[in-house]
file structure.cif (mmCIF, C-alpha atoms)
data_coords
loop_
_atom_site.label_atom_id
_atom_site.label_comp_id
_atom_site.auth_asym_id
_atom_site.auth_seq_id
_atom_site.Cartn_x
_atom_site.Cartn_y
_atom_site.Cartn_z
CA MET K 3 -2.38 -5.76 13.23
CA SER K 4 0.45 -3.42 14.15
CA ASP K 5 -0.02 -0.45 16.44
CA ASP K 6 0.11 1.96 13.49
CA THR K 7 -2.86 0.38 11.70
CA ILE K 8 -5.15 2.96 10.09
CA LEU K 9 -8.93 2.68 10.24
CA VAL K 10 -10.68 3.52 6.97
CA THR K 11 -14.46 3.58 7.28
CA GLY K 12 -16.46 3.20 4.09
CA ALA K 13 -13.61 1.05 2.74
CA ALA K 14 -15.91 -0.70 0.25
CA GLY K 15 -17.14 2.67 -1.00
CA PHE K 16 -15.67 4.67 -3.86
CA ILE K 17 -13.23 7.03 -2.13
CA GLY K 18 -12.67 4.69 0.81
CA PHE K 19 -11.57 1.87 -1.50
CA HIS K 20 -9.01 4.03 -3.28
CA VAL K 21 -7.64 5.50 -0.05
CA ALA K 22 -7.38 2.08 1.62
CA ARG K 23 -5.62 0.60 -1.41
CA ARG K 24 -3.13 3.45 -1.58
CA LEU K 25 -2.36 3.19 2.15
CA LEU K 26 -1.80 -0.55 1.77
CA GLU K 27 0.49 0.01 -1.21
CA ASP K 28 2.45 2.47 0.92
CA GLY K 29 3.00 -0.24 3.53
CA HIS K 30 0.39 0.69 6.15
CA GLY K 31 -1.83 -1.80 7.88
CA VAL K 32 -5.49 -1.00 7.21
CA VAL K 33 -8.68 -2.05 8.93
CA GLY K 34 -11.50 -1.40 6.49
CA LEU K 35 -14.97 -0.98 7.92
CA ASP K 36 -18.16 -0.92 5.85
CA ASN K 37 -21.77 -1.99 6.28
CA LEU K 38 -22.08 -3.03 2.59
CA ASN K 39 -25.55 -1.49 2.36
CA ALA K 40 -27.68 -1.62 -0.78
CA TYR K 41 -27.83 2.11 -1.57
CA TYR K 42 -26.32 0.98 -4.87
CA ASN K 43 -25.50 -2.51 -6.17
CA PRO K 44 -23.62 -4.34 -3.38
CA ARG K 45 -21.77 -6.40 -6.01
CA LEU K 46 -19.63 -3.38 -6.75
CA LYS K 47 -18.81 -3.02 -3.06
CA ASP K 48 -18.00 -6.73 -2.87
CA ALA K 49 -15.65 -6.35 -5.84
CA ARG K 50 -13.84 -3.46 -4.16
CA ARG K 51 -13.56 -5.45 -0.93
CA ALA K 52 -12.17 -8.45 -2.81
CA ALA K 53 -9.54 -6.25 -4.44
CA LEU K 54 -8.42 -4.97 -1.03
CA ALA K 55 -8.38 -8.49 0.45
CA LYS K 56 -5.42 -9.35 -1.81
CA TYR K 57 -3.18 -7.21 0.42
CA ASP K 58 -1.61 -8.90 3.45
CA GLY K 59 -2.03 -5.81 5.63
CA PHE K 60 -5.80 -5.55 5.16
CA ARG K 61 -8.53 -6.69 7.50
CA PHE K 62 -12.22 -6.12 6.77
CA ILE K 63 -14.95 -5.59 9.35
CA GLN K 64 -18.59 -5.48 8.26
CA HIS K 65 -20.22 -3.06 10.63
CA ASP K 66 -22.54 -0.07 10.66
CA VAL K 67 -21.12 3.13 12.14
CA SER K 68 -24.49 3.86 13.75
CA ASP K 69 -24.03 0.81 16.04
CA ARG K 70 -22.61 2.52 19.14
CA ASP K 71 -21.52 -0.60 21.03
CA GLY K 72 -20.08 -2.25 17.95
CA ILE K 73 -17.99 0.79 16.99
CA ALA K 74 -16.78 1.16 20.57
CA ALA K 75 -15.63 -2.47 20.49
CA VAL K 76 -13.71 -1.92 17.24
CA PHE K 77 -11.85 1.05 18.72
CA ALA K 78 -11.16 -0.78 21.98
CA ALA K 79 -9.62 -3.69 20.09
CA HIS K 80 -7.28 -1.59 17.94
CA ARG K 81 -6.78 1.90 19.42
CA PHE K 82 -6.11 3.36 15.96
CA PRO K 83 -3.64 6.25 15.88
CA TYR K 84 -5.16 7.51 12.61
CA VAL K 85 -8.76 7.35 11.43
CA VAL K 86 -9.97 8.17 7.91
CA HIS K 87 -13.73 8.40 8.19
CA LEU K 88 -15.32 8.13 4.74
CA ALA K 89 -18.45 6.13 5.60
CA ALA K 90 -21.61 8.14 4.99
CA GLN K 91 -25.03 8.00 3.49
CA ALA K 92 -24.26 9.80 0.26
CA GLY K 93 -26.46 11.38 -2.37
CA VAL K 94 -28.27 14.71 -2.43
CA ARG K 95 -31.55 13.57 -3.97
CA HIS K 96 -31.87 10.44 -1.85
CA SER K 97 -31.91 12.68 1.23
CA LEU K 98 -35.26 14.08 0.07
CA VAL K 99 -36.91 10.65 0.33
CA ALA K 100 -34.92 8.84 3.04
CA PRO K 101 -33.89 11.42 5.65
CA ASP K 102 -33.62 8.85 8.45
CA ALA K 103 -30.67 7.18 6.71
CA TYR K 104 -28.76 10.47 6.79
CA VAL K 105 -29.48 11.08 10.46
CA ASP K 106 -28.51 7.53 11.44
CA THR K 107 -25.28 7.29 9.45
CA ASN K 108 -24.07 10.86 9.08
CA ILE K 109 -25.02 12.20 12.51
CA VAL K 110 -25.27 9.25 14.92
CA GLY K 111 -22.53 7.34 13.12
CA PHE K 112 -20.19 10.31 13.14
CA ALA K 113 -20.79 10.83 16.86
CA ASN K 114 -19.79 7.20 17.43
CA ILE K 115 -16.58 7.70 15.46
CA LEU K 116 -15.75 10.81 17.47
CA GLU K 117 -16.28 8.94 20.72
CA GLY K 118 -14.11 6.10 19.49
CA CYS K 119 -11.34 8.56 18.68
CA ARG K 120 -11.66 10.17 22.11
CA GLN K 121 -11.56 6.90 24.02
CA SER K 122 -8.63 5.49 22.04
CA GLY K 123 -6.35 8.54 21.96
CA CYS K 124 -6.51 9.04 18.19
CA LYS K 125 -3.72 11.29 16.84
CA HIS K 126 -5.71 12.51 13.83
CA LEU K 127 -9.26 12.13 12.55
CA LEU K 128 -9.58 12.87 8.84
CA TYR K 129 -13.20 12.88 7.67
CA ALA K 130 -15.26 13.49 4.56
CA SER K 131 -17.29 16.64 4.30
CA SER K 132 -18.75 17.83 0.99
CA SER K 133 -19.04 20.76 -1.38
CA SER K 134 -22.78 20.49 -0.62
CA VAL K 135 -22.20 22.52 2.55
CA TYR K 136 -21.88 25.64 0.39
CA GLY K 137 -25.60 25.41 -0.36
CA ALA K 138 -27.02 28.81 -1.30
CA ASN K 139 -23.57 30.43 -1.64
CA THR K 140 -23.04 31.91 -5.11
CA ARG K 141 -19.66 33.68 -4.89
CA LEU K 142 -17.15 31.54 -6.78
CA PRO K 143 -14.78 29.90 -6.32
CA PHE K 144 -15.98 28.54 -2.98
CA SER K 145 -13.47 29.17 -0.22
CA SER K 146 -13.19 27.06 2.91
CA SER K 147 -13.22 30.38 4.79
CA ASP K 148 -16.71 31.24 3.47
CA ASN K 149 -19.70 31.09 5.79
CA VAL K 150 -21.75 27.95 5.07
CA ASP K 151 -24.92 28.41 7.09
CA HIS K 152 -27.45 27.93 4.28
CA PRO K 153 -27.50 24.30 3.07
CA LEU K 154 -30.08 23.44 0.41
CA ASN K 155 -30.57 19.77 1.29
CA LEU K 156 -30.33 17.48 4.31
CA TYR K 157 -27.19 15.77 3.02
CA GLY K 158 -25.32 19.10 3.02
CA ALA K 159 -26.75 19.93 6.43
CA THR K 160 -25.43 16.67 7.91
CA LYS K 161 -21.98 17.36 6.52
CA LYS K 162 -21.96 20.85 8.03
CA ALA K 163 -23.05 19.22 11.31
CA ASN K 164 -20.06 16.86 11.08
CA GLU K 165 -17.69 19.81 10.83
CA LEU K 166 -19.24 21.41 13.92
CA MET K 167 -19.21 18.16 15.90
CA ALA K 168 -15.56 17.58 15.03
CA HIS K 169 -14.72 21.09 16.16
CA ALA K 170 -16.38 20.53 19.52
CA TYR K 171 -14.29 17.39 20.09
CA ALA K 172 -11.12 19.13 18.92
CA HIS K 173 -11.80 21.95 21.37
CA LEU K 174 -12.87 19.83 24.33
CA PHE K 175 -10.57 16.84 23.98
CA ALA K 176 -7.73 18.11 21.76
CA ILE K 177 -8.49 15.53 19.06
CA PRO K 178 -6.88 16.83 15.85
CA ALA K 179 -9.57 16.77 13.17
CA THR K 180 -9.44 17.65 9.47
CA GLY K 181 -12.57 17.95 7.33
CA LEU K 182 -12.33 17.56 3.57
CA ARG K 183 -14.97 19.13 1.35
CA PHE K 184 -14.89 16.90 -1.73
CA PHE K 185 -16.03 18.31 -5.07
CA THR K 186 -17.75 15.86 -7.50
CA VAL K 187 -15.26 13.01 -7.34
CA TYR K 188 -15.19 10.65 -10.33
CA GLY K 189 -13.05 7.88 -11.79
CA PRO K 190 -12.64 4.07 -11.93
CA TRP K 191 -14.61 2.13 -9.30
CA GLY K 192 -16.91 5.13 -8.98
CA ARG K 193 -20.48 5.41 -7.74
CA PRO K 194 -23.31 4.32 -10.08
CA ASP K 195 -25.57 7.14 -8.86
CA MET K 196 -23.23 9.91 -10.00
CA ALA K 197 -23.41 11.79 -13.29
CA ILE K 198 -20.35 10.44 -15.12
CA TRP K 199 -21.31 6.80 -14.44
CA LEU K 200 -24.99 7.44 -15.26
CA PHE K 201 -24.12 9.22 -18.50
CA THR K 202 -21.61 6.57 -19.57
CA ALA K 203 -24.03 3.71 -18.88
CA ALA K 204 -26.77 5.47 -20.85
CA ILE K 205 -24.53 6.26 -23.82
CA VAL K 206 -23.26 2.68 -24.00
CA ALA K 207 -26.79 1.24 -23.78
CA GLY K 208 -28.32 3.74 -26.20
CA ARG K 209 -30.60 5.24 -23.57
CA PRO K 210 -31.27 8.97 -23.13
CA ILE K 211 -29.16 10.85 -20.61
CA ARG K 212 -31.10 13.16 -18.31
CA LEU K 213 -29.69 16.69 -18.30
CA PHE K 214 -31.22 18.83 -15.59
CA ASN K 215 -31.45 22.60 -16.04
CA ASN K 216 -31.10 21.78 -19.76
CA GLY K 217 -27.51 20.71 -19.21
CA ARG K 218 -26.47 24.16 -18.02
CA MET K 219 -25.20 22.92 -14.67
CA ARG K 220 -21.50 23.37 -13.92
CA ARG K 221 -19.44 21.21 -11.59
CA ASP K 222 -15.86 21.01 -10.34
CA PHE K 223 -15.04 17.42 -11.38
CA THR K 224 -12.17 15.97 -9.36
CA TYR K 225 -10.37 12.78 -10.38
CA ILE K 226 -10.13 10.07 -7.75
CA ASP K 227 -6.33 9.70 -7.91
CA ASP K 228 -5.95 13.39 -7.07
CA VAL K 229 -8.38 13.07 -4.16
CA THR K 230 -6.54 10.00 -2.88
CA GLU K 231 -3.18 11.77 -3.04
CA ALA K 232 -4.50 14.67 -0.99
CA VAL K 233 -6.04 12.38 1.64
CA VAL K 234 -2.93 10.22 2.01
CA ARG K 235 -0.65 13.24 2.37
CA LEU K 236 -2.87 14.64 5.11
CA VAL K 237 -3.36 11.47 7.18
CA THR K 238 -0.17 11.81 9.20
CA SER K 239 -0.24 15.63 9.19
CA PRO K 240 -2.69 16.58 11.92
CA PRO K 241 -3.78 20.22 12.12
CA GLN K 242 -2.35 22.56 14.71
CA PRO K 243 -4.26 25.31 16.52
CA SER K 244 -4.06 28.55 14.56
CA PRO K 245 -2.09 31.14 16.57
CA THR K 246 -3.84 33.99 14.72
CA TRP K 247 -7.42 32.75 15.07
CA SER K 248 -9.71 35.24 16.80
CA GLY K 249 -13.28 35.00 18.00
CA ASP K 250 -13.70 38.66 17.11
CA ASN K 251 -13.23 37.82 13.42
CA PRO K 252 -13.48 34.02 13.22
CA ASP K 253 -12.13 32.20 10.17
CA PRO K 254 -14.61 29.34 9.48
CA ALA K 255 -11.82 27.11 8.11
CA THR K 256 -9.44 27.25 11.08
CA SER K 257 -9.59 27.42 14.86
CA GLY K 258 -7.78 27.94 18.11
CA ALA K 259 -8.35 24.18 18.46
CA PRO K 260 -6.51 21.56 16.35
CA TRP K 261 -9.13 21.61 13.59
CA HIS K 262 -9.06 22.55 9.92
CA ILE K 263 -11.28 22.45 6.84
CA TYR K 264 -9.97 22.05 3.28
CA ASN K 265 -11.57 22.02 -0.15
CA VAL K 266 -10.50 19.12 -2.35
CA GLY K 267 -11.39 19.98 -5.93
CA ASN K 268 -9.94 20.54 -9.38
CA SER K 269 -10.51 24.32 -9.18
CA GLU K 270 -12.24 24.32 -12.56
CA SER K 271 -15.97 24.58 -13.27
CA VAL K 272 -17.14 22.57 -16.30
CA GLU K 273 -20.57 22.53 -17.90
CA LEU K 274 -22.33 19.15 -18.06
CA LEU K 275 -22.76 19.49 -21.83
CA GLU K 276 -18.97 19.53 -22.14
CA VAL K 277 -18.77 16.42 -19.98
CA VAL K 278 -21.22 14.70 -22.32
CA ARG K 279 -19.10 15.67 -25.32
CA LEU K 280 -15.98 14.18 -23.72
CA LEU K 281 -17.86 11.00 -22.81
CA GLU K 282 -19.11 10.64 -26.39
CA GLN K 283 -15.55 11.04 -27.60
CA ALA K 284 -14.19 8.45 -25.15
CA ALA K 285 -16.99 5.94 -25.74
CA GLY K 286 -17.11 6.40 -29.50
CA ARG K 287 -20.89 6.78 -29.43
CA ALA K 288 -23.34 9.65 -29.55
CA ALA K 289 -25.54 10.49 -26.57
CA ILE K 290 -29.30 10.85 -26.70
CA ARG K 291 -30.08 13.97 -24.71
CA GLU K 292 -33.20 14.50 -22.59
CA PHE K 293 -33.41 18.05 -21.26
CA LEU K 294 -35.17 18.58 -17.93
CA PRO K 295 -35.75 21.45 -15.46
CA MET K 296 -33.74 22.07 -12.30
CA GLN K 297 -34.20 19.58 -9.46
CA PRO K 298 -35.05 20.52 -5.85
CA GLY K 299 -32.02 20.76 -3.59
CA ASP K 300 -29.53 21.19 -6.44
CA VAL K 301 -27.17 24.08 -7.20
CA LEU K 302 -26.19 25.63 -10.51
CA GLU K 303 -22.43 25.65 -10.13
CA THR K 304 -19.56 24.55 -7.93
CA CYS K 305 -15.89 25.46 -8.05
CA ALA K 306 -13.26 24.99 -5.35
CA ASP K 307 -10.59 27.36 -4.12
CA CYS K 308 -7.86 24.95 -2.99
CA THR K 309 -5.02 27.38 -2.33
CA ASP K 310 -4.92 26.57 1.39
CA LEU K 311 -4.63 22.83 0.62
CA GLU K 312 -1.74 23.53 -1.73
CA ARG K 313 -0.01 25.57 0.95
CA ALA K 314 -0.53 22.83 3.52
CA ILE K 315 0.71 19.79 1.57
CA GLY K 316 2.35 21.19 -1.56
CA PHE K 317 -0.09 19.44 -3.85
CA ARG K 318 -2.72 20.39 -6.37
CA PRO K 319 -4.83 18.16 -8.66
CA ARG K 320 -3.09 17.27 -11.91
CA THR K 321 -5.60 15.16 -13.88
CA ALA K 322 -7.28 16.93 -16.79
CA LEU K 323 -10.97 16.14 -17.22
CA GLU K 324 -10.48 14.63 -20.67
CA ALA K 325 -7.85 12.20 -19.37
CA GLY K 326 -9.92 11.33 -16.31
CA ILE K 327 -13.03 10.63 -18.34
CA ARG K 328 -11.06 8.47 -20.77
CA SER K 329 -9.70 6.47 -17.84
CA PHE K 330 -13.17 6.00 -16.38
CA VAL K 331 -14.70 4.86 -19.67
CA GLU K 332 -11.89 2.34 -20.18
CA TRP K 333 -12.49 0.96 -16.69
CA TYR K 334 -16.26 0.88 -17.24
CA ARG K 335 -15.82 -1.16 -20.42
CA ASP K 336 -13.89 -3.80 -18.48
CA TYR K 337 -16.18 -3.78 -15.45
CA SER K 338 -19.46 -3.93 -17.39
CA GLY K 339 -18.26 -6.26 -20.14
CA TYR K 340 -18.91 -3.63 -22.78
CA CYS K 341 -16.55 -3.62 -25.78
#

call {"tool": "encode", "arguments": {"input": "structure.cif", "output": "structure tokens"}}
result
Amino acid sequence: MSDDTILVTGAAGFIGFHVARRLLEDGHGVVGLDNLNAYYNPRLKDARRAALAKYDGFRFIQHDVSDRDGIAAVFAAHRFPYVVHLAAQAGVRHSLVAPDAYVDTNIVGFANILEGCRQSGCKHLLYASSSSVYGANTRLPFSSSDNVDHPLNLYGATKKANELMAHAYAHLFAIPATGLRFFTVYGPWGRPDMAIWLFTAAIVAGRPIRLFNNGRMRRDFTYIDDVTEAVVRLVTSPPQPSPTWSGDNPDPATSGAPWHIYNVGNSESVELLEVVRLLEQAAGRAAIREFLPMQPGDVLETCADCTDLERAIGFRPRTALEAGIRSFVEWYRDYSGYC
């Protein structure tokens, strides 16, 4: 591998796969790291890994980020100038029943990545945060400069912890670190535990779709190609210390250290019932609706203010929800064998 090889953790995951593939297509060498766990069907992760293996510049390492010695060895062998850390234990509801997985991967694992970056002289750590950090906030759209001290689930709390840990390392060791709060990412090669996949699979199979809060939830759905474009543009653009930052009136999104937080969303809040309508249209089948009450740890609505991201990289999401859903359903037909 060349000295400019980029580490992408979670490379067999949804966002990690797309980012790694785009970096490879742009001519970068990529080391993809993933533990290939069974949180959802590992066959999907194997298929993503196989697709990446077709690129000459790709090397895969099966490893768990919570393994301190193993991660240290990976960094010692490569001394990556850029790290895109997308490995995490995902899922809001799963954190209610398996909290240890979130502590091990999202806290201990992130600490190991930070140490690897420190020991290897990393020029920029780009890492996944989440819209879940906004928790009990209700003022919309959510701004990266909002206070986020009231998470409603452990998953969101671990992502807020990641932001704080990254700031400490940026302050102490001058490691440039950028956190990205992703908003409901969807698209081809997506995650089977997320709404658009679950709804599509149910519609195709003739099963009821479960609509919590009677379908009156609203989400900022963000197409994977738009997310990937934002990540790739930011990789080689490390944050600089803000010259105007003040501890007397601290901006939660910036710092006197080389650290920044961005929202990555579509800046549009859409009701789940509208998503179901678009899925019915794309699949050519009617959905069977099962209306249920609100779930613990969930929020009614999300919507991202991404103006600071647009200022930073001159980019804003371009994929309309209807087009994105159509693209996902077409991919799902091929992947699942449905026709």

call {"tool": "resolve_selection", "arguments": {"input": "structure.cif", "expression": "the PyMOL selection byres ((chain K and resi 24) around 10)", "output": "PyMOL selection string"}}
result
chain K and resi 18-23+25-30+54+227+230-231+233-234

call {"tool": "atom_distance", "arguments": {"input": "structure.cif", "atom1": "CA of Gly158 in chain K", "atom2": "CA of Phe144 in chain K"}}
result
14.6 Å

call {"tool": "closest_residue", "arguments": {"input": "structure.cif", "among": "K:Tyr334, K:Phe317, K:Phe62, K:Trp261", "to": "Ala172 in chain K", "atoms": "all atoms listed in the file"}}
result
K:Trp261

call {"tool": "closest_residue", "arguments": {"input": "structure.cif", "among": "K:Ile290, K:Ile226, K:Ala284, K:Ile177", "to": "Arg193 in chain K", "atoms": "only C-alpha atoms"}}
result
K:Ile226

call {"tool": "residues_around", "arguments": {"input": "structure.cif", "residues": "Met196 in chain K", "least_positions_apart": "3", "cutoff": "9 Å", "atoms": "all atoms listed in the file", "output": "PDB file with C-alpha atoms, keeping the file's coordinate frame"}}
result
ATOM      1  CA  GLY K  93     -26.460  11.380  -2.370  1.00  0.00           C
ATOM      2  CA  THR K 186     -17.750  15.860  -7.500  1.00  0.00           C
ATOM      3  CA  VAL K 187     -15.260  13.010  -7.340  1.00  0.00           C
ATOM      4  CA  TYR K 188     -15.190  10.650 -10.330  1.00  0.00           C
ATOM      5  CA  GLY K 192     -16.910   5.130  -8.980  1.00  0.00           C
ATOM      6  CA  ARG K 193     -20.480   5.410  -7.740  1.00  0.00           C
ATOM      7  CA  TRP K 199     -21.310   6.800 -14.440  1.00  0.00           C
ATOM      8  CA  LEU K 200     -24.990   7.440 -15.260  1.00  0.00           C
ATOM      9  CA  PHE K 201     -24.120   9.220 -18.500  1.00  0.00           C
TER      10      PHE K 201
END

call {"tool": "atom_distance", "arguments": {"input": "structure.cif", "atom1": "CA of Thr180 in chain K", "atom2": "CA of Ser132 in chain K"}}
result
12.6 Å

call {"tool": "residues_around", "arguments": {"input": "structure.cif", "residues": "Asp253 in chain K", "least_positions_apart": "2", "cutoff": "12 Å", "atoms": "all atoms listed in the file", "output": "ChimeraX atom specification"}}
result
/K:145-150,244-251,255-258,261-263

call {"tool": "atom_distance", "arguments": {"input": "structure.cif", "atom1": "CA of Val272 in chain K", "atom2": "CA of Ala204 in chain K"}}
result
20.1 Å

call {"tool": "residues_around", "arguments": {"input": "structure.cif", "residues": "range 273-279 of chain K", "least_positions_apart": "4", "cutoff": "10 Å", "atoms": "all atoms listed in the file", "output": "ChimeraX atom specification"}}
result
/K:197-198,201-202,205,211,213-223,283-285,287-291,302-303,323-324,327

call {"tool": "write_last_selection", "arguments": {"input": "structure.cif", "atoms": "C-alpha atoms", "output": "PDB file, in the frame of the given file"}}
result
ATOM      1  CA  ALA K 197     -23.410  11.790 -13.290  1.00  0.00           C
ATOM      2  CA  ILE K 198     -20.350  10.440 -15.120  1.00  0.00           C
ATOM      3  CA  PHE K 201     -24.120   9.220 -18.500  1.00  0.00           C
ATOM      4  CA  THR K 202     -21.610   6.570 -19.570  1.00  0.00           C
ATOM      5  CA  ILE K 205     -24.530   6.260 -23.820  1.00  0.00           C
ATOM      6  CA  ILE K 211     -29.160  10.850 -20.610  1.00  0.00           C
ATOM      7  CA  LEU K 213     -29.690  16.690 -18.300  1.00  0.00           C
ATOM      8  CA  PHE K 214     -31.220  18.830 -15.590  1.00  0.00           C
ATOM      9  CA  ASN K 215     -31.450  22.600 -16.040  1.00  0.00           C
ATOM     10  CA  ASN K 216     -31.100  21.780 -19.760  1.00  0.00           C
ATOM     11  CA  GLY K 217     -27.510  20.710 -19.210  1.00  0.00           C
ATOM     12  CA  ARG K 218     -26.470  24.160 -18.020  1.00  0.00           C
ATOM     13  CA  MET K 219     -25.200  22.920 -14.670  1.00  0.00           C
ATOM     14  CA  ARG K 220     -21.500  23.370 -13.920  1.00  0.00           C
ATOM     15  CA  ARG K 221     -19.440  21.210 -11.590  1.00  0.00           C
ATOM     16  CA  ASP K 222     -15.860  21.010 -10.340  1.00  0.00           C
ATOM     17  CA  PHE K 223     -15.040  17.420 -11.380  1.00  0.00           C
ATOM     18  CA  GLN K 283     -15.550  11.040 -27.600  1.00  0.00           C
ATOM     19  CA  ALA K 284     -14.190   8.450 -25.150  1.00  0.00           C
ATOM     20  CA  ALA K 285     -16.990   5.940 -25.740  1.00  0.00           C
ATOM     21  CA  ARG K 287     -20.890   6.780 -29.430  1.00  0.00           C
ATOM     22  CA  ALA K 288     -23.340   9.650 -29.550  1.00  0.00           C
ATOM     23  CA  ALA K 289     -25.540  10.490 -26.570  1.00  0.00           C
ATOM     24  CA  ILE K 290     -29.300  10.850 -26.700  1.00  0.00           C
ATOM     25  CA  ARG K 291     -30.080  13.970 -24.710  1.00  0.00           C
ATOM     26  CA  LEU K 302     -26.190  25.630 -10.510  1.00  0.00           C
ATOM     27  CA  GLU K 303     -22.430  25.650 -10.130  1.00  0.00           C
ATOM     28  CA  LEU K 323     -10.970  16.140 -17.220  1.00  0.00           C
ATOM     29  CA  GLU K 324     -10.480  14.630 -20.670  1.00  0.00           C
ATOM     30  CA  ILE K 327     -13.030  10.630 -18.340  1.00  0.00           C
TER      31      ILE K 327
END

call {"tool": "resolve_selection", "arguments": {"input": "structure.cif", "expression": "the PyMOL selection byres ((chain K and resi 321) around 9)", "output": "NGL selection string"}}
result
:K and (224-225 or 227-228 or 268 or 319-320 or 322-326)

call {"tool": "closest_residue", "arguments": {"input": "structure.cif", "among": "K:Leu88, K:Ser239, K:Pro194, K:Ser122", "to": "Ala40 in chain K", "atoms": "all atoms listed in the file"}}
result
K:Pro194

call {"tool": "resolve_selection", "arguments": {"input": "structure.cif", "expression": "the PyMOL selection byres ((chain K and resi 265) around 8)", "output": "MDAnalysis selection string"}}
result
chainID K and resid 133 145:146 182:185 263:264 266:267 306:308 311

call {"tool": "closest_residue", "arguments": {"input": "structure.cif", "among": "K:Ala14, K:Met167, K:Ala74, K:Ile315", "to": "Arg45 in chain K", "atoms": "all atoms listed in the file"}}
result
K:Ala14

call {"tool": "closest_residue", "arguments": {"input": "structure.cif", "among": "K:Asp66, K:Glu312, K:Glu117, K:Asp36", "to": "Arg235 in chain K", "atoms": "all atoms listed in the file"}}
result
K:Glu312

call {"tool": "residues_around", "arguments": {"input": "structure.cif", "residues": "range 69-73 of chain K", "least_positions_apart": "2", "cutoff": "12 Å", "atoms": "only C-alpha atoms", "output": "CSV table (one decimal) with C-alpha atoms, keeping the file's coordinate frame"}}
result
chain,number,residue,atom,x,y,z
K,9,LEU,CA,-8.9,2.7,10.2
K,11,THR,CA,-14.5,3.6,7.3
K,35,LEU,CA,-15.0,-1.0,7.9
K,36,ASP,CA,-18.2,-0.9,5.8
K,37,ASN,CA,-21.8,-2.0,6.3
K,63,ILE,CA,-15.0,-5.6,9.4
K,64,GLN,CA,-18.6,-5.5,8.3
K,65,HIS,CA,-20.2,-3.1,10.6
K,66,ASP,CA,-22.5,-0.1,10.7
K,67,VAL,CA,-21.1,3.1,12.1
K,75,ALA,CA,-15.6,-2.5,20.5
K,76,VAL,CA,-13.7,-1.9,17.2
K,77,PHE,CA,-11.8,1.0,18.7
K,78,ALA,CA,-11.2,-0.8,22.0
K,79,ALA,CA,-9.6,-3.7,20.1
K,80,HIS,CA,-7.3,-1.6,17.9
K,81,ARG,CA,-6.8,1.9,19.4
K,106,ASP,CA,-28.5,7.5,11.4
K,107,THR,CA,-25.3,7.3,9.4
K,109,ILE,CA,-25.0,12.2,12.5
K,110,VAL,CA,-25.3,9.2,14.9
K,111,GLY,CA,-22.5,7.3,13.1
K,112,PHE,CA,-20.2,10.3,13.1
K,113,ALA,CA,-20.8,10.8,16.9
K,114,ASN,CA,-19.8,7.2,17.4
K,115,ILE,CA,-16.6,7.7,15.5
K,116,LEU,CA,-15.8,10.8,17.5
K,117,GLU,CA,-16.3,8.9,20.7
K,118,GLY,CA,-14.1,6.1,19.5
K,119,CYS,CA,-11.3,8.6,18.7
K,121,GLN,CA,-11.6,6.9,24.0
K,122,SER,CA,-8.6,5.5,22.0

call {"tool": "closest_residue", "arguments": {"input": "structure.cif", "among": "K:Pro44, K:Pro241, K:Pro83, K:Gly339", "to": "Val10 in chain K", "atoms": "only C-alpha atoms"}}
result
K:Pro83

call {"tool": "build_atoms", "arguments": {"input": "structure.cif", "residues": "range 126-133 of chain K", "atoms": "N, CA, C and O atoms", "output": "PDB file, keeping the file's coordinate frame"}}
result
ATOM      1  N   HIS K 126      -5.159  11.680  14.904  1.00  0.00           N
ATOM      2  CA  HIS K 126      -5.710  12.510  13.830  1.00  0.00           C
ATOM      3  C   HIS K 126      -6.943  11.830  13.249  1.00  0.00           C
ATOM      4  O   HIS K 126      -6.888  10.671  12.822  1.00  0.00           O
ATOM      5  N   LEU K 127      -8.040  12.556  13.229  1.00  0.00           N
ATOM      6  CA  LEU K 127      -9.260  12.130  12.550  1.00  0.00           C
ATOM      7  C   LEU K 127      -9.394  12.946  11.269  1.00  0.00           C
ATOM      8  O   LEU K 127      -9.492  14.176  11.311  1.00  0.00           O
ATOM      9  N   LEU K 128      -9.377  12.251  10.153  1.00  0.00           N
ATOM     10  CA  LEU K 128      -9.580  12.870   8.840  1.00  0.00           C
ATOM     11  C   LEU K 128     -10.939  12.391   8.346  1.00  0.00           C
ATOM     12  O   LEU K 128     -11.185  11.179   8.300  1.00  0.00           O
ATOM     13  N   TYR K 129     -11.843  13.304   8.004  1.00  0.00           N
ATOM     14  CA  TYR K 129     -13.200  12.880   7.670  1.00  0.00           C
ATOM     15  C   TYR K 129     -13.729  13.609   6.442  1.00  0.00           C
ATOM     16  O   TYR K 129     -13.284  14.713   6.103  1.00  0.00           O
ATOM     17  N   ALA K 130     -14.678  12.948   5.781  1.00  0.00           N
ATOM     18  CA  ALA K 130     -15.260  13.490   4.560  1.00  0.00           C
ATOM     19  C   ALA K 130     -16.359  14.488   4.879  1.00  0.00           C
ATOM     20  O   ALA K 130     -17.341  14.149   5.539  1.00  0.00           O
ATOM     21  N   SER K 131     -16.184  15.708   4.378  1.00  0.00           N
ATOM     22  CA  SER K 131     -17.290  16.640   4.300  1.00  0.00           C
ATOM     23  C   SER K 131     -17.685  16.704   2.824  1.00  0.00           C
ATOM     24  O   SER K 131     -17.463  15.735   2.093  1.00  0.00           O
ATOM     25  N   SER K 132     -18.255  17.787   2.365  1.00  0.00           N
ATOM     26  CA  SER K 132     -18.750  17.830   0.990  1.00  0.00           C
ATOM     27  C   SER K 132     -18.890  19.263   0.511  1.00  0.00           C
ATOM     28  O   SER K 132     -19.147  20.182   1.305  1.00  0.00           O
ATOM     29  N   SER K 133     -18.769  19.445  -0.797  1.00  0.00           N
ATOM     30  CA  SER K 133     -19.040  20.760  -1.380  1.00  0.00           C
ATOM     31  C   SER K 133     -20.506  21.155  -1.188  1.00  0.00           C
ATOM     32  O   SER K 133     -20.855  22.338  -1.319  1.00  0.00           O
TER      33      SER K 133
END
